[in-house]
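Structure data follow from run.txt (compact mmCIF, C-alpha atoms and all ligand atoms):
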```txt
# COMPACT_ATOMS: atom_id res chain seq x y z
CA LEU A 20 -18.99 22.19 15.20
CA GLY A 21 -17.88 25.63 14.10
CA SER A 22 -17.22 26.92 17.60
CA LEU A 23 -13.82 27.41 19.16
CA GLU A 24 -14.92 25.32 22.17
CA PHE A 25 -15.48 22.37 19.87
CA GLN A 26 -12.29 22.97 17.90
CA PRO A 27 -9.77 25.46 19.33
CA GLU A 28 -7.33 25.11 16.41
CA PRO A 29 -8.05 27.09 13.26
CA THR A 30 -9.39 25.23 10.24
CA ILE A 31 -6.69 24.82 7.62
CA ILE A 32 -7.67 24.17 4.01
CA LYS A 33 -4.91 22.85 1.79
CA LEU A 34 -5.30 23.17 -1.97
CA PRO A 35 -2.65 22.45 -4.60
CA HIS A 36 -1.42 26.07 -4.73
CA THR A 37 -3.00 27.64 -1.64
CA THR A 38 -3.31 27.20 2.09
CA ILE A 39 -6.29 28.94 3.69
CA GLY A 40 -6.46 29.62 7.43
CA ALA A 41 -4.11 29.59 10.43
CA GLY A 42 -2.29 32.77 9.49
CA HIS A 43 -1.89 32.03 5.78
CA PHE A 44 -3.20 35.10 3.98
CA VAL A 45 -4.79 34.28 0.62
CA MET A 46 -5.62 36.55 -2.29
CA MET A 47 -8.39 35.44 -4.67
CA ALA A 48 -9.04 37.52 -7.77
CA GLY A 49 -10.63 37.32 -11.17
CA PRO A 50 -13.54 38.64 -13.18
CA CYS A 51 -17.08 38.56 -11.82
CA SER A 52 -18.12 36.40 -14.79
CA VAL A 53 -16.08 34.18 -17.03
CA GLU A 54 -16.58 36.08 -20.29
CA SER A 55 -14.44 34.19 -22.79
CA GLU A 56 -11.50 31.83 -22.95
CA ASP A 57 -9.12 34.64 -23.88
CA HIS A 58 -10.43 37.13 -21.32
CA VAL A 59 -10.25 34.81 -18.34
CA ARG A 60 -6.71 33.80 -19.35
CA ARG A 61 -5.60 37.42 -19.40
CA MET A 62 -7.31 38.14 -16.09
CA ALA A 63 -5.67 35.06 -14.55
CA LYS A 64 -2.25 36.48 -15.47
CA VAL A 65 -3.12 39.79 -13.81
CA ALA A 66 -4.51 38.04 -10.74
CA LYS A 67 -1.34 35.99 -10.38
CA GLN A 68 0.85 39.06 -10.82
CA GLY A 69 -0.79 40.61 -7.77
CA GLY A 70 -0.08 37.52 -5.71
CA ALA A 71 -3.43 35.77 -6.03
CA THR A 72 -3.22 31.99 -5.86
CA VAL A 73 -6.95 31.44 -6.39
CA LEU A 74 -8.72 32.48 -9.58
CA ARG A 75 -12.36 33.49 -9.26
CA GLY A 76 -14.97 33.69 -12.01
CA GLY A 77 -18.65 32.90 -12.27
CA ALA A 78 -19.97 30.49 -14.90
CA PHE A 79 -23.43 30.30 -13.31
CA LYS A 80 -24.48 33.81 -12.34
CA PRO A 81 -27.23 34.64 -9.84
CA ARG A 82 -28.41 37.82 -11.55
CA THR A 83 -31.04 40.07 -10.01
CA VAL A 84 -32.66 40.60 -13.41
CA PRO A 85 -33.47 37.47 -15.47
CA TYR A 86 -32.53 39.21 -18.75
CA SER A 87 -28.97 39.91 -17.55
CA PHE A 88 -26.09 37.66 -18.63
CA GLN A 89 -26.51 34.30 -16.89
CA GLY A 90 -23.06 32.82 -17.43
CA LEU A 91 -21.25 30.55 -19.90
CA GLU A 92 -22.09 27.47 -17.80
CA GLU A 93 -19.92 24.41 -18.46
CA ASP A 94 -17.84 26.14 -21.17
CA GLY A 95 -17.10 28.87 -18.64
CA LEU A 96 -15.98 26.31 -16.07
CA ARG A 97 -13.60 24.79 -18.59
CA PHE A 98 -12.14 28.18 -19.58
CA LEU A 99 -11.70 29.07 -15.90
CA ARG A 100 -10.01 25.76 -15.05
CA GLU A 101 -7.66 26.01 -18.02
CA ALA A 102 -6.75 29.61 -17.19
CA ALA A 103 -6.00 28.67 -13.57
CA ASP A 104 -3.95 25.65 -14.60
CA ALA A 105 -1.95 27.76 -17.05
CA GLU A 106 -0.95 30.07 -14.17
CA GLY A 107 -0.63 27.43 -11.47
CA MET A 108 -3.65 28.65 -9.52
CA ASP A 109 -6.63 27.13 -7.76
CA VAL A 110 -10.24 27.84 -8.77
CA ILE A 111 -13.24 29.21 -6.89
CA THR A 112 -16.57 29.39 -8.69
CA GLU A 113 -20.19 29.59 -7.68
CA VAL A 114 -22.46 26.56 -7.66
CA MET A 115 -26.08 27.69 -7.73
CA ASP A 116 -28.11 24.48 -7.70
CA VAL A 117 -27.98 20.97 -6.28
CA PRO A 118 -28.07 19.27 -9.72
CA HIS A 119 -24.89 21.17 -10.71
CA VAL A 120 -22.78 20.18 -7.70
CA GLU A 121 -21.24 17.15 -9.36
CA MET A 122 -20.45 18.92 -12.64
CA VAL A 123 -19.05 22.09 -11.05
CA GLY A 124 -17.03 19.88 -8.70
CA LYS A 125 -15.18 18.42 -11.68
CA TYR A 126 -13.71 21.83 -12.47
CA THR A 127 -13.28 23.66 -9.18
CA ASP A 128 -11.13 23.52 -6.06
CA ILE A 129 -13.61 25.61 -4.07
CA PHE A 130 -17.39 25.83 -4.30
CA GLN A 131 -18.61 29.38 -3.80
CA ILE A 132 -22.04 29.51 -2.19
CA GLY A 133 -23.45 32.89 -3.11
CA ALA A 134 -25.09 35.34 -0.75
CA ARG A 135 -28.51 34.56 -2.24
CA ASN A 136 -28.03 30.87 -1.52
CA MET A 137 -26.58 31.08 1.98
CA GLN A 138 -29.68 29.46 3.41
CA ASN A 139 -30.38 27.10 0.52
CA PHE A 140 -30.17 24.16 2.89
CA SER A 141 -30.44 21.51 0.17
CA LEU A 142 -27.44 23.07 -1.56
CA LEU A 143 -25.50 23.30 1.72
CA LYS A 144 -26.20 19.62 2.39
CA ALA A 145 -25.13 18.69 -1.14
CA VAL A 146 -21.76 20.46 -0.94
CA GLY A 147 -21.43 19.12 2.61
CA LYS A 148 -21.47 15.61 1.19
CA THR A 149 -18.39 16.37 -0.93
CA LYS A 150 -14.82 16.93 0.26
CA ILE A 151 -14.34 20.00 -1.95
CA ALA A 152 -13.63 23.23 -0.04
CA VAL A 153 -16.59 25.60 0.35
CA GLY A 154 -16.47 29.40 0.50
CA LEU A 155 -19.76 30.38 2.11
CA LYS A 156 -20.88 33.95 1.52
CA ARG A 157 -22.89 35.78 4.13
CA GLY A 158 -26.43 36.43 2.95
CA MET A 159 -27.32 40.06 2.48
CA SER A 160 -29.90 39.88 5.29
CA ALA A 161 -28.17 37.25 7.38
CA THR A 162 -26.96 37.73 10.93
CA ILE A 163 -23.59 36.39 12.01
CA ASP A 164 -25.35 33.50 13.77
CA ASP A 165 -27.32 32.73 10.59
CA LEU A 166 -24.00 32.51 8.75
CA LEU A 167 -22.53 30.19 11.39
CA ASN A 168 -25.60 27.97 11.29
CA ALA A 169 -25.39 27.79 7.51
CA ALA A 170 -21.75 26.68 7.85
CA GLU A 171 -22.97 24.09 10.33
CA TYR A 172 -25.09 22.48 7.59
CA ILE A 173 -21.97 21.90 5.51
CA ARG A 174 -19.83 20.61 8.35
CA ALA A 175 -22.58 18.43 9.82
CA ASN A 176 -22.92 16.68 6.47
CA GLY A 177 -19.28 15.66 6.56
CA ASN A 178 -17.28 18.43 4.91
CA PRO A 179 -14.94 20.30 7.30
CA ASN A 180 -13.29 22.38 4.55
CA VAL A 181 -15.33 25.51 5.05
CA PHE A 182 -14.43 29.20 5.08
CA LEU A 183 -16.68 32.23 5.46
CA ILE A 184 -16.92 35.30 3.23
CA GLU A 185 -18.11 38.68 4.50
CA ARG A 186 -19.49 40.49 1.43
CA GLY A 187 -21.62 43.23 2.95
CA ILE A 188 -25.21 43.32 4.11
CA ARG A 189 -28.30 45.33 3.26
CA THR A 190 -28.95 48.30 5.48
CA PHE A 191 -31.18 51.36 5.21
CA ASP A 192 -28.51 53.24 3.27
CA ASN A 193 -27.49 51.94 -0.15
CA LYS A 194 -27.24 55.22 -2.01
CA TYR A 195 -23.45 55.46 -2.10
CA THR A 196 -22.52 51.82 -1.56
CA ARG A 197 -24.13 48.67 -2.92
CA ASN A 198 -24.14 47.05 0.51
CA THR A 199 -22.83 47.97 3.95
CA PHE A 200 -19.50 46.31 4.66
CA ASP A 201 -19.73 44.75 8.11
CA LEU A 202 -16.07 45.14 8.95
CA ALA A 203 -16.57 44.24 12.61
CA ALA A 204 -17.92 40.85 11.51
CA ILE A 205 -14.29 39.87 10.82
CA PRO A 206 -12.97 40.15 14.40
CA VAL A 207 -16.34 38.97 15.77
CA LEU A 208 -16.16 35.79 13.69
CA LYS A 209 -12.52 35.32 14.75
CA LYS A 210 -13.75 35.19 18.35
CA LEU A 211 -16.58 32.77 17.56
CA THR A 212 -15.25 30.27 15.07
CA HIS A 213 -12.19 28.43 13.80
CA TYR A 214 -13.26 28.87 10.17
CA PRO A 215 -11.11 31.20 8.06
CA ILE A 216 -12.75 34.56 7.24
CA ILE A 217 -12.29 36.02 3.77
CA ALA A 218 -13.33 39.58 2.93
CA ASP A 219 -15.08 40.47 -0.34
CA PRO A 220 -14.77 44.25 -0.54
CA SER A 221 -15.95 44.25 -4.18
CA HIS A 222 -19.53 43.15 -3.47
CA ALA A 223 -19.53 44.89 -0.10
CA VAL A 224 -19.20 48.35 -1.63
CA GLY A 225 -20.01 47.87 -5.31
CA VAL A 226 -18.01 50.93 -6.36
CA THR A 227 -14.47 50.65 -7.73
CA ASP A 228 -13.06 53.64 -5.83
CA LEU A 229 -14.17 52.22 -2.50
CA VAL A 230 -12.81 48.70 -2.98
CA THR A 231 -9.17 49.43 -2.13
CA PRO A 232 -9.84 51.36 1.10
CA MET A 233 -12.12 48.55 2.29
CA ALA A 234 -9.64 45.87 1.22
CA VAL A 235 -7.00 47.61 3.31
CA ALA A 236 -9.42 47.96 6.23
CA ALA A 237 -10.34 44.26 6.04
CA ALA A 238 -6.67 43.30 6.17
CA ALA A 239 -6.26 45.55 9.21
CA ALA A 240 -9.29 43.87 10.80
CA GLY A 241 -7.51 40.53 10.59
CA CYS A 242 -9.16 38.64 7.75
CA ASP A 243 -7.51 35.48 6.42
CA GLY A 244 -7.65 36.71 2.86
CA GLU A 245 -9.64 38.62 0.29
CA ILE A 246 -11.62 37.95 -2.85
CA VAL A 247 -11.84 40.76 -5.38
CA GLU A 248 -13.18 41.32 -8.87
CA ILE A 249 -10.89 42.57 -11.63
CA HIS A 250 -11.54 43.61 -15.22
CA ASP A 251 -9.45 45.32 -17.89
CA ASP A 252 -12.48 47.04 -19.47
CA PRO A 253 -15.03 47.58 -16.70
CA ALA A 254 -17.38 49.61 -18.92
CA HIS A 255 -17.94 46.50 -21.05
CA ALA A 256 -17.86 43.87 -18.30
CA PHE A 257 -20.65 41.27 -18.55
CA SER A 258 -21.43 41.80 -14.85
CA ASP A 259 -20.37 44.00 -11.92
CA GLY A 260 -18.29 46.40 -14.03
CA PRO A 261 -18.94 49.33 -11.63
CA GLN A 262 -17.03 47.56 -8.86
CA ALA A 263 -14.19 46.03 -10.90
CA LEU A 264 -10.59 46.93 -10.18
CA THR A 265 -8.60 47.51 -13.35
CA PRO A 266 -5.26 45.69 -13.45
CA ASP A 267 -3.40 48.82 -12.24
CA LEU A 268 -5.81 49.43 -9.39
CA TYR A 269 -5.67 45.77 -8.43
CA LEU A 270 -1.87 45.73 -8.28
CA ASP A 271 -1.92 48.92 -6.22
CA MET A 272 -4.51 47.39 -3.85
CA THR A 273 -2.43 44.25 -3.27
CA LYS A 274 0.62 46.39 -2.43
CA LYS A 275 -1.36 48.37 0.12
CA VAL A 276 -2.91 45.25 1.63
CA ASN A 277 0.51 43.64 1.96
CA ALA A 278 1.90 46.79 3.58
CA VAL A 279 -0.90 46.76 6.16
CA ARG A 280 -0.38 43.08 6.89
CA LYS A 281 3.33 43.69 7.52
CA ALA A 282 2.49 46.54 9.88
CA LEU A 283 0.14 44.41 12.02
C1 LIG B 301 -20.15 37.03 -7.10
O1 LIG B 301 -19.21 36.62 -6.40
O2 LIG B 301 -20.01 37.45 -8.26
C2 LIG B 301 -21.50 37.11 -6.47
C3 LIG B 301 -22.60 37.00 -7.20
O3 LIG B 301 -21.45 37.34 -5.15
P1 LIG B 301 -22.61 37.48 -4.03
O4 LIG B 301 -23.23 36.12 -3.93
O5 LIG B 301 -21.83 37.86 -2.81
O6 LIG B 301 -23.56 38.55 -4.47
MN MN B 302 -19.82 39.79 -8.91
```
As structure tokens, what does this structure read like?
Amino acid sequence: LGSLEFQPEPTIIKLPHTTIGAGHFVMMAGPCSVESEDHVRRMAKVAKQGGATVLRGGAFKPRTVPYSFQGLEEDGLRFLREAADAEGMDVITEVMDVPHVEMVGKYTDIFQIGARNMQNFSLLKAVGKTKIAVGLKRGMSATIDDLLNAAEYIRANGNPNVFLIERGIRTFDNKYTRNTFDLAAIPVLKKLTHYPIIADPSHAVGVTDLVTPMAVAAAAAGCDGEIVEIHDDPAHAFSDGPQALTPDLYLDMTKKVNAVRKAL
């Protein structure tokens, strides 16, 4: 169902403030975690200023260490929704478990399926039974075909509103980058599938200084948009501070990405 033989035309996802796919470039930005009502509101303003039409923010966080901040849960979803509405933006947020699909769906325009859940087939089936758009992240040890088969679970259950997110994979070398950004996956996926491909340079590299060069490279590689993490005080971020773009760096990144897109 995801192949270009089955559907030669690109998938187009229409949200109130955003069109994803078919040549519409989309910027998604926001903090890794929703931290407070005030913080997410301020970050939404910054995101919008850089041209983002989708606000990201996690309210249920899949943390590697169980003692790390786990998210504000439903309060976080409400703060995120209100911040997006105040700026006229759409929302993307992670849903981690099947029992939360209905509740998260009340607040979001896009379900994010995290890398760690890419092959949580029960979760894929559950979001597949909704009509809410799904941003499916590539698992850190998943091949491109694994990613396409995971997308198939969503589509086969009735939801065609799927896009893919390349967020880096685990390789033998993670000393200088958190993951290895599989840049070639972008044009490869373009050849294989009609689903839009969004790049996540933040998780791919995990280091602030490297995010902008990879965001620019992803735009050059032909992605349909990007999702990036921003924070005004990275040292005190509740999660993923070391990869956050400050507002200035974010605005600079969006300028460079737009310049590359124009040059293509
Ligand atoms: C996130 O978007 O904050 C996140 C946890 O991403 P990933 O699933 O790609 O690690
Ligand atoms: Mn994050």
*So which residues are near ligand MN 302 (chain B), meaning at most 8 Å away with all atoms listed in the file counted, given back as a PyMOL selection string?*
chain A and resi 50-52+77+221-222+248+258-259
*Give as an MDAnalysis selection string the residues surrounding ligand LIG 301 (chain B) up to a distance of 8 Å, considering all atoms listed in the file.*
chainID A and resid 51:52 76:77 80:82 113 131:136 156:159 186:187 219 222:223 248 259
Box dimensions and centre (Å, one decimal) enclosing region 242-252 of chain A, axis-aligned, 5 Å extra per side, as lines of an AutoDock Vina configuration file:
```
center_x = -10.3
center_y = 41.3
center_z = -5.9
size_x = 15.7
size_y = 21.6
size_z = 37.2
```
*asked:* Which residues are near Glu93 (chain A)? Cut-off 10 Å, all atoms listed in the file, ignore same chain within fewer than 6 positions. Put them as an MDAnalysis selection string.
replied: chainID A and resid 78:79 99 119 122:123 126
Please, could you write that set of residues out with C-alpha atoms as a CSV table (one decimal), in the coordinates of the input?
```csv
chain,number,residue,atom,x,y,z
A,78,ALA,CA,-20.0,30.5,-14.9
A,79,PHE,CA,-23.4,30.3,-13.3
A,99,LEU,CA,-11.7,29.1,-15.9
A,119,HIS,CA,-24.9,21.2,-10.7
A,122,MET,CA,-20.4,18.9,-12.6
A,123,VAL,CA,-19.0,22.1,-11.0
A,126,TYR,CA,-13.7,21.8,-12.5
```
*Non-local contacts of region 237-241 of chain A (9 Å; all atoms listed in the file; under 3 positions in same chain excluded) as a list in words*: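 Counting all atoms listed in the file, the residues come to Leu202, Ala203, Ile205, Pro206, Lys209, Ile216, Ile217, Ala218, Asp219, Pro220, Pro232, Met233, Ala234, Gly244, Glu245, Val276, Asn277, Val279, Arg280, Ala282 and Leu283 of chain A.
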*Could you please determine the separation between CA of Gly225 (chain A) and CA of Tyr269 (chain A) in Å, to one decimal place?*
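Interatomic distance, CA of Gly225 (chain A) to CA of Tyr269 (chain A): 14.8 Å.
Using all atoms listed in the file, the nearest neighbour of Met115 (chain A) within the list A:Val146, A:Ile163, A:Ala170, A:Ala66 is A:Val146.
Taking CA of Phe98 (chain A) and CA of Glu56 (chain A) as the two end points, the separation is 5.0 Å.
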*Find the residue from A:Gly69, A:Gly90, A:Gly95, A:Pro215 that sits nearest to Asp267 (chain A); use all atoms listed in the file when measuring.*
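Of all the options, A:Gly69 lies closest to Asp267 (chain A).
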*Rank nothing, just name the residue among A:Arg97, A:Asp243, A:Val45, A:Leu142 nearest to Pro118 (chain A), using all atoms listed in the file.*
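Among the listed residues, A:Leu142 lies closest to Pro118 (chain A).
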*Enter the distance from CA of Met46 (chain A) to CA of Tyr214 (chain A), in Å, rounded to one decimal.*
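Spanning CA of Met46 (chain A) to CA of Tyr214 (chain A) is a straight-line distance of 16.5 Å.
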*Nearest residue to Leu166 (chain A) from the set A:Asp228, A:Glu185, A:Glu54, A:Glu24 (distances using all atoms listed in the file)*: A:Glu185
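Each of A:Met62, A:Ile129, A:Leu23, A:Leu167 was compared to Pro35 (chain A) using all atoms listed in the file, and A:Ile129 turns out to be the nearest.
Closest approach to Ile173 (chain A) from the set A:Ser87, A:Leu211, A:Arg189, A:Gln138 is made by A:Gln138, with distances taken over all atoms listed in the file.
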